[in-house]
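Student: What follows is the file model-v4.txt, containing compact mmCIF, C-alpha atoms and all ligand atoms:
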```txt
# COMPACT_ATOMS: atom_id res chain seq x y z
CA MET Z 1 -48.89 -10.85 -2.83
CA HIS Z 2 -45.55 -11.64 -1.28
CA THR Z 3 -42.99 -8.93 -0.79
CA LEU Z 4 -39.92 -10.09 -2.69
CA ASP Z 5 -36.64 -9.11 -1.13
CA LEU Z 6 -34.73 -9.99 -4.31
CA VAL Z 7 -33.72 -6.40 -4.90
CA ALA Z 8 -30.41 -5.69 -6.61
CA PRO Z 9 -27.65 -4.72 -4.16
CA THR Z 10 -26.62 -1.09 -4.17
CA THR Z 11 -23.12 0.04 -5.15
CA ALA Z 12 -22.44 0.82 -1.48
CA GLU Z 13 -23.37 -2.75 -0.52
CA LEU Z 14 -21.19 -4.21 -3.29
CA VAL Z 15 -18.25 -2.05 -2.16
CA ALA Z 16 -18.82 -3.09 1.47
CA ALA Z 17 -18.68 -6.73 0.34
CA GLY Z 18 -15.48 -6.07 -1.62
CA LEU Z 19 -17.10 -7.13 -4.91
CA GLN Z 20 -16.74 -3.66 -6.42
CA LEU Z 21 -13.98 -1.17 -5.53
CA PRO Z 22 -13.14 2.45 -6.36
CA VAL Z 23 -10.07 2.44 -8.62
CA MET Z 24 -8.10 5.65 -9.03
CA GLU Z 25 -5.69 4.12 -11.53
CA ALA Z 26 -4.10 0.83 -12.50
CA PHE Z 27 -0.80 0.61 -14.35
CA TYR Z 28 1.95 -1.80 -15.26
CA THR Z 29 5.33 -0.51 -14.09
CA ILE Z 30 8.39 -1.44 -12.04
CA GLN Z 31 8.00 -1.74 -8.27
CA GLY Z 32 10.11 1.18 -7.11
CA GLU Z 33 10.25 0.59 -3.34
CA GLY Z 34 10.95 -2.01 -0.73
CA ARG Z 35 11.71 -5.72 -1.02
CA PHE Z 36 10.44 -6.09 -4.61
CA THR Z 37 12.26 -3.03 -6.00
CA GLY Z 38 13.02 -3.65 -9.67
CA HIS Z 39 10.29 -6.24 -10.23
CA PRO Z 40 7.75 -5.58 -12.97
CA ALA Z 41 4.33 -5.28 -11.33
CA TYR Z 42 0.77 -4.24 -12.04
CA PHE Z 43 -0.35 -1.57 -9.56
CA ILE Z 44 -3.99 -1.25 -8.57
CA ARG Z 45 -4.47 2.07 -6.77
CA LEU Z 46 -7.74 2.11 -4.83
CA GLY Z 47 -9.32 5.49 -4.12
CA GLY Z 48 -9.94 6.68 -0.56
CA CYS Z 49 -7.69 7.41 2.41
CA ASP Z 50 -8.48 8.87 5.87
CA VAL Z 51 -4.91 8.93 7.24
CA GLY Z 52 -3.93 12.40 6.04
CA CYS Z 53 -0.11 12.28 5.84
CA VAL Z 54 1.11 15.87 5.34
CA TRP Z 55 3.73 14.69 2.83
CA CYS Z 56 1.58 12.11 0.99
CA ASP Z 57 2.65 11.87 -2.67
CA VAL Z 58 -0.86 10.87 -3.90
CA LYS Z 59 -3.20 13.29 -2.11
CA GLU Z 60 -5.56 13.18 -5.10
CA SER Z 61 -6.38 9.59 -4.06
CA TRP Z 62 -7.92 10.58 -0.72
CA GLU Z 63 -11.53 11.20 -1.77
CA ALA Z 64 -12.99 7.82 -2.72
CA ALA Z 65 -16.07 9.31 -4.40
CA LYS Z 66 -13.92 10.87 -7.14
CA TRP Z 67 -13.01 7.47 -8.61
CA PRO Z 68 -14.96 4.98 -10.70
CA VAL Z 69 -16.22 1.88 -8.93
CA LEU Z 70 -15.25 -1.26 -10.85
CA SER Z 71 -16.18 -4.89 -10.38
CA ILE Z 72 -13.35 -7.13 -9.19
CA GLU Z 73 -13.83 -9.18 -12.40
CA LYS Z 74 -13.11 -6.06 -14.50
CA ILE Z 75 -10.09 -5.13 -12.33
CA VAL Z 76 -8.60 -8.62 -12.73
CA GLU Z 77 -9.40 -8.78 -16.46
CA GLU Z 78 -7.36 -5.60 -16.96
CA ALA Z 79 -4.50 -6.99 -14.87
CA LEU Z 80 -4.44 -10.13 -17.02
CA ALA Z 81 -3.74 -8.04 -20.16
CA ASN Z 82 -0.12 -7.53 -18.98
CA PRO Z 83 2.61 -10.20 -19.10
CA GLY Z 84 3.60 -9.90 -15.42
CA ARG Z 85 1.89 -11.87 -12.67
CA LEU Z 86 2.87 -9.71 -9.70
CA VAL Z 87 0.15 -7.36 -8.52
CA VAL Z 88 0.60 -4.57 -5.96
CA ILE Z 89 -2.56 -3.25 -4.32
CA THR Z 90 -2.07 0.27 -3.06
CA GLY Z 91 -3.97 3.51 -2.73
CA GLY Z 92 -5.15 5.56 -1.08
CA GLU Z 93 -5.44 3.18 1.84
CA PRO Z 94 -6.41 -0.22 0.43
CA LEU Z 95 -7.35 -1.72 3.82
CA MET Z 96 -10.34 0.64 3.96
CA TYR Z 97 -11.93 -2.11 1.84
CA ASN Z 98 -12.61 -5.81 2.21
CA LEU Z 99 -9.86 -7.22 0.00
CA ASP Z 100 -10.85 -10.90 0.41
CA PRO Z 101 -12.79 -11.25 -2.88
CA LEU Z 102 -10.28 -9.30 -5.03
CA THR Z 103 -7.22 -11.19 -3.74
CA GLN Z 104 -9.03 -14.53 -4.01
CA LEU Z 105 -9.81 -13.86 -7.67
CA LEU Z 106 -6.26 -12.62 -8.38
CA LYS Z 107 -4.85 -15.81 -6.86
CA GLU Z 108 -7.26 -18.00 -8.85
CA LYS Z 109 -5.85 -16.32 -11.98
CA GLY Z 110 -2.26 -17.02 -10.93
CA PHE Z 111 -1.13 -13.67 -9.52
CA THR Z 112 1.27 -13.09 -6.67
CA THR Z 113 -0.39 -10.48 -4.44
CA ASN Z 114 1.44 -7.69 -2.61
CA ILE Z 115 -0.03 -4.81 -0.64
CA GLU Z 116 1.21 -1.36 0.37
CA THR Z 117 -0.62 -0.25 3.51
CA SER Z 118 -0.49 2.09 6.47
CA GLY Z 119 -2.31 -0.61 8.46
CA ALA Z 120 -4.81 1.96 9.71
CA HIS Z 121 -7.80 -0.36 9.10
CA PRO Z 122 -8.41 -4.04 9.91
CA TYR Z 123 -6.43 -6.47 7.78
CA SER Z 124 -8.24 -8.33 5.01
CA GLY Z 125 -7.19 -10.23 1.89
CA ASP Z 126 -4.83 -13.05 0.98
CA PHE Z 127 -1.42 -11.47 0.39
CA ASP Z 128 1.93 -13.04 -0.42
CA TRP Z 129 3.74 -9.91 0.78
CA VAL Z 130 2.54 -7.20 3.14
CA CYS Z 131 4.46 -3.92 3.16
CA PHE Z 132 3.38 -2.03 6.29
CA SER Z 133 4.20 1.67 6.40
CA PRO Z 134 2.81 3.02 9.72
CA LYS Z 135 1.89 6.67 10.06
CA LYS Z 136 1.89 9.11 12.99
CA PHE Z 137 -1.27 10.64 11.54
CA LYS Z 138 -3.51 7.61 12.26
CA LYS Z 139 -2.69 4.73 14.57
CA PRO Z 140 -2.33 1.31 12.93
CA HIS Z 141 -4.96 -1.36 13.65
CA PRO Z 142 -3.46 -4.16 15.82
CA SER Z 143 -4.27 -6.79 13.15
CA ILE Z 144 -1.40 -5.61 10.92
CA TYR Z 145 1.53 -6.43 13.19
CA GLN Z 146 1.55 -10.21 12.71
CA LYS Z 147 0.81 -9.88 8.98
CA ALA Z 148 3.61 -7.46 8.06
CA ASP Z 149 6.46 -9.02 6.03
CA GLU Z 150 8.16 -5.66 5.70
CA LEU Z 151 8.08 -2.53 7.86
CA LYS Z 152 8.83 0.50 5.68
CA VAL Z 153 8.98 3.71 7.69
CA VAL Z 154 9.13 7.05 5.88
CA ILE Z 155 11.73 9.38 7.42
CA TYR Z 156 10.64 13.02 7.25
CA ASN Z 157 12.49 14.27 10.32
CA LYS Z 158 14.70 12.94 13.13
CA SER Z 159 11.76 11.97 15.35
CA ASP Z 160 10.79 9.34 12.76
CA PHE Z 161 13.73 7.12 13.77
CA ALA Z 162 12.22 6.62 17.23
CA PHE Z 163 8.79 6.03 15.64
CA ALA Z 164 10.40 3.37 13.40
CA GLU Z 165 11.93 1.60 16.42
CA GLU Z 166 8.58 1.62 18.28
CA HIS Z 167 7.02 -0.26 15.39
CA ALA Z 168 9.99 -2.58 14.92
CA ARG Z 169 9.32 -3.82 18.47
CA LEU Z 170 5.71 -4.68 17.57
CA VAL Z 171 6.14 -6.59 14.29
CA ASN Z 172 7.03 -10.25 13.90
CA PRO Z 173 10.77 -10.91 14.48
CA VAL Z 174 11.22 -12.05 10.85
CA CYS Z 175 9.69 -8.84 9.45
CA GLU Z 176 12.20 -6.98 7.25
CA LEU Z 177 12.96 -3.44 8.43
CA ARG Z 178 13.40 -0.53 6.01
CA LEU Z 179 13.74 3.24 6.24
CA GLN Z 180 12.65 5.31 3.25
CA PRO Z 181 13.45 9.03 2.92
CA GLU Z 182 10.44 11.26 2.43
CA TRP Z 183 10.91 12.52 -1.13
CA SER Z 184 10.99 16.29 -0.45
CA LYS Z 185 13.32 15.86 2.55
CA ALA Z 186 15.61 13.27 0.94
CA GLN Z 187 18.56 15.66 0.48
CA LYS Z 188 18.62 16.39 4.20
CA MET Z 189 17.56 13.03 5.64
CA THR Z 190 19.31 10.47 3.39
CA PRO Z 191 22.77 11.06 4.95
CA GLU Z 192 21.19 10.59 8.40
CA ILE Z 193 19.47 7.39 7.26
CA ILE Z 194 22.80 6.09 5.87
CA ASP Z 195 24.54 6.68 9.21
CA TYR Z 196 21.61 5.16 11.10
CA VAL Z 197 21.56 1.95 9.04
CA LYS Z 198 25.35 1.57 9.14
CA SER Z 199 25.24 1.56 12.94
CA ARG Z 200 22.01 -0.49 13.22
CA PRO Z 201 22.35 -3.16 10.52
CA ASN Z 202 18.98 -4.76 11.28
CA TRP Z 203 17.61 -1.90 9.11
CA LYS Z 204 17.96 -1.43 5.33
CA ILE Z 205 17.37 1.58 3.08
CA SER Z 206 14.46 1.78 0.63
CA LEU Z 207 14.44 4.51 -2.02
CA GLN Z 208 11.58 5.54 -4.31
CA THR Z 209 13.57 4.41 -7.36
CA HIS Z 210 10.66 4.93 -9.79
CA LYS Z 211 10.97 8.68 -9.14
CA PHE Z 212 14.64 8.57 -10.24
CA MET Z 213 13.62 6.57 -13.34
CA ASP Z 214 10.75 9.02 -14.00
CA ILE Z 215 8.19 6.24 -14.37
CA PRO Z 216 4.79 5.88 -12.63
C1 LIG O 1 1.03 6.44 -1.30
S1 LIG O 1 1.18 5.16 -0.13
C2 LIG O 1 -0.30 4.19 -0.43
C3 LIG O 1 -0.43 2.99 0.45
C4 LIG O 1 -0.76 3.27 1.92
N1 LIG O 1 -1.71 4.29 2.09
C5 LIG O 1 0.50 3.58 2.70
O1 LIG O 1 0.70 4.73 3.05
O2 LIG O 1 1.28 2.64 2.93
C6 LIG O 1 2.47 4.11 -0.82
C7 LIG O 1 3.83 4.20 -0.18
O3 LIG O 1 4.38 5.47 -0.44
C8 LIG O 1 4.96 5.99 0.73
N2 LIG O 1 5.01 7.44 0.57
C9 LIG O 1 3.96 8.28 0.41
N3 LIG O 1 4.36 9.54 0.24
C10 LIG O 1 5.71 9.52 0.30
C11 LIG O 1 6.72 10.52 0.20
N4 LIG O 1 6.41 11.81 0.03
N5 LIG O 1 8.01 10.14 0.30
C12 LIG O 1 8.34 8.84 0.50
N6 LIG O 1 7.44 7.85 0.60
C13 LIG O 1 6.14 8.17 0.50
C14 LIG O 1 4.04 5.47 1.81
O4 LIG O 1 4.60 5.49 3.10
C15 LIG O 1 3.80 4.05 1.34
O5 LIG O 1 4.84 3.20 1.76
N1 LIG O 2 6.78 2.36 -9.42
C1 LIG O 2 6.10 2.52 -8.27
N2 LIG O 2 6.42 1.77 -7.21
C2 LIG O 2 5.68 1.95 -6.08
N3 LIG O 2 5.79 1.28 -4.92
C3 LIG O 2 4.82 1.68 -4.08
C4 LIG O 2 4.05 2.66 -4.71
C5 LIG O 2 2.79 3.19 -4.16
O1 LIG O 2 2.39 4.31 -4.48
O2 LIG O 2 2.18 2.45 -3.39
C6 LIG O 2 4.61 2.85 -5.98
C7 LIG O 2 4.32 3.68 -7.11
O3 LIG O 2 3.47 4.57 -7.10
N4 LIG O 2 5.09 3.45 -8.23
S1 LIG O 3 -1.70 6.59 4.38
FE1 LIG O 3 -0.74 6.41 2.36
S2 LIG O 3 -2.23 7.24 0.88
FE2 LIG O 3 -2.93 7.80 2.92
S3 LIG O 3 -2.17 9.87 3.21
FE3 LIG O 3 -0.61 8.48 4.07
S4 LIG O 3 0.84 8.02 2.39
FE4 LIG O 3 -1.02 8.95 1.49
MG MG O 4 3.73 5.88 -5.01
```
Would you put the structure from the file into structure tokens?
Ligand SMILES: C[S@@+](CC[C@H](N)C(=O)[O-])C[C@H]1O[C@@H](n2cnc3c(N)ncnc32)[C@H](O)[C@@H]1O
Ligand SMILES: Nc1nc2[nH]cc(C(=O)O)c2c(=O)[nH]1
Ligand code: SF4
Ligand SMILES: [Mg+2]

Tutor:
Amino acid sequence: MHTLDLVAPTTAELVAAGLQLPVMEAFYTIQGEGRFTGHPAYFIRLGGCDVGCVWCDVKESWEAAKWPVLSIEKIVEEALANPGRLVVITGGEPLMYNLDPLTQLLKEKGFTTNIETSGAHPYSGDFDWVCFSPKKFKKPHPSIYQKADELKVVIYNKSDFAFAEEHARLVNPVCELRLQPEWSKAQKMTPEIIDYVKSRPNWKISLQTHKFMDIP
């Protein structure tokens, strides 16, 4: 008898191929940050992050195993139930996964694809807009620098301005530059960000406007 190797792939293999992904939550809301602030968008928040930002506002996302693993077909079917055709893939850190199959399917169905990423893992996927938010806690992978359409640096303390400039030197010259106050330090740091941007007009301010609107 022949040994058949037609065994069903395991969940781990399907996740590695990007055909199934752990989804913490998915919701239709208004993009609160960055270039597409104010645009209705469907957010797909993938579970899992190994960056460990001390001020992360979604720490519950970090442990991938906590979240259900869904097929990309199911993820896209749920996205299609909303009227908007802008999708934002976030996390967690979405580039921990191979995003080629998910973004290919989203594009086949007519979605515009945006990503929110720290860039800490190799780039994958077909994105119309890449928002790169580098972190001191884990060095970005070099593949992100030529892909970033927007550099969005969170300002938690004064040393983050120099960190922002270091990354501004590494991205493509057409990449849009934004500084975003860390939410808990916004009272203190927003006036400093205002002064910074007024004297260095190659930068713009990004605020987490969804938090002011009290929406997801
Ligand atoms: C939660 S992260 C998920 C995507 C990816 N891991 C990243 O960090 O870009 C989404 C966005 O929120 C920003 N962010 C997270 N916590 C924040 C906070 N406390 N204040 C301001 N921005 C924050 C991140 O820098 C990122 O731009
Ligand atoms: N409304 C809204 N806009 C966002 N922009 C980026 C977010 C994220 O967590 O990636 C986010 C979010 O969580 N909610
Ligand atoms: S990289 Fe993003 S999800 Fe991960 S800890 Fe930092 S802010 Fe949170
Ligand atoms: Mg958020």

Student: Find the residue from Z:Lys188, Z:Arg45, Z:Lys59, Z:Arg85 that sits nearest to ligand LIG 3 (chain O); use all atoms listed in the file when measuring.

Tutor: Z:Lys59

Student: For ligand MG 4 (chain O), collect every residue having any atom at a distance of at most 10 Å from a ligand atom (counting only C-alpha atoms and all ligand atoms); output as a ChimeraX atom specification.

Tutor: /Z:31-33,43,45,56-58,90-92,116,208,210-211,216

Student: Do you know which residues are within 12 Å of ligand LIG 2 (chain O) using only C-alpha atoms and all ligand atoms? Can you write them as a PyMOL selection string?

Tutor: chain Z and resi 24-47+56-61+87-94+114-118+130-133+152+180+206-216

Student: Hey, which of Z:Asn82, Z:Ala186, Z:Asp128, Z:Gly119 ends up closest to Z:His167? Count all atoms listed in the file.

Tutor: Z:Gly119

Student: Could you check how far atom CA of Z:Asn98 sits from atom CA of Z:Glu73, in Å to one decimal?

Tutor: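 Interatomic distance, atom CA of Z:Asn98 to atom CA of Z:Glu73: 15.0 Å.
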
Student: Using atom CA of Z:Pro181 and atom O1 of ligand LIG 1 (chain O) as the two end points, give the distance in Å to one decimal.

Tutor: 13.5 Å

Student: Counting only C-alpha atoms and all ligand atoms, which residue out of Z:Lys74, Z:His141, Z:Lys185, Z:Lys107 sits closest to ligand LIG 1 (chain O)?

Tutor: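 The shortest atom-to-atom distance to ligand LIG 1 (chain O) comes from Z:Lys185.
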
Student: Give me the residues near Z:Val76 as a ChimeraX atom specification, where near means some atom within 9 Å (using only C-alpha atoms) and where sequence neighbours in that chain fewer than 3 positions away do not count.

Tutor: /Z:71-73,79-81,102,105-106,109

Student: One decimal, in Å: what's the spacing between atom CA of Z:Asp149 and atom CA of Z:Asn202?

Tutor: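 Separation between atom CA of Z:Asp149 and atom CA of Z:Asn202: 14.2 Å.
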
Student: Please return, as a ChimeraX atom specification, all polymer residues that have at least one atom within 6 Å of the point (9.1, -0.3, 8.9); use only C-alpha atoms and the file's own coordinate frame.

Tutor: /Z:133,151-153,164,177-178

Student: Can you pull out the residues contacting Z:Leu14? Cut-off 12 Å, using all atoms listed in the file, and skip same-chain residues under 4 positions away; I want them as a CSV table (one decimal) with C-alpha atoms, keeping the file's coordinate frame.

Tutor:
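Below is the file out15.csv, written as the result:
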```
chain,number,residue,atom,x,y,z
Z,8,ALA,CA,-30.4,-5.7,-6.6
Z,9,PRO,CA,-27.6,-4.7,-4.2
Z,10,THR,CA,-26.6,-1.1,-4.2
Z,18,GLY,CA,-15.5,-6.1,-1.6
Z,19,LEU,CA,-17.1,-7.1,-4.9
Z,20,GLN,CA,-16.7,-3.7,-6.4
Z,21,LEU,CA,-14.0,-1.2,-5.5
Z,22,PRO,CA,-13.1,2.4,-6.4
Z,69,VAL,CA,-16.2,1.9,-8.9
Z,70,LEU,CA,-15.2,-1.3,-10.8
Z,71,SER,CA,-16.2,-4.9,-10.4
Z,72,ILE,CA,-13.4,-7.1,-9.2
Z,97,TYR,CA,-11.9,-2.1,1.8
Z,98,ASN,CA,-12.6,-5.8,2.2
Z,101,PRO,CA,-12.8,-11.2,-2.9
```

Student: Which of these, Z:Gly125, Z:Pro134, Z:Pro173, Z:Pro83, has the shortest distance to Z:Gly110 once you count only C-alpha atoms?

Tutor: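 For Z:Gly110, the nearest of the given residues is Z:Pro83.
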
Student: My list of candidates is Z:Ala64, Z:Val54, Z:Leu86, Z:Met96. Which is closest to Z:Ala16 when distances are computed with all atoms listed in the file?

Tutor: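 Going through Z:Ala64, Z:Val54, Z:Leu86, Z:Met96 one by one, the smallest distance to Z:Ala16 is for Z:Met96.
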
Student: Hey, which of Z:Leu6, Z:Ile194, Z:Val51, Z:Ala162 ends up closest to ligand LIG 3 (chain O)? Count all atoms listed in the file.

Tutor: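 Distance minimum relative to ligand LIG 3 (chain O) lands on Z:Val51.
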
Student: Each side padded by 4 Å, which centre and which edge lengths in Å (one decimal) define the axis-aligned box around the listed atoms of ligand LIG 3 (chain O)? Give them as JSON.

Tutor:
```
{"center_x": -1.0, "center_y": 8.1, "center_z": 2.6, "size_x": 11.8, "size_y": 11.5, "size_z": 11.5}
```
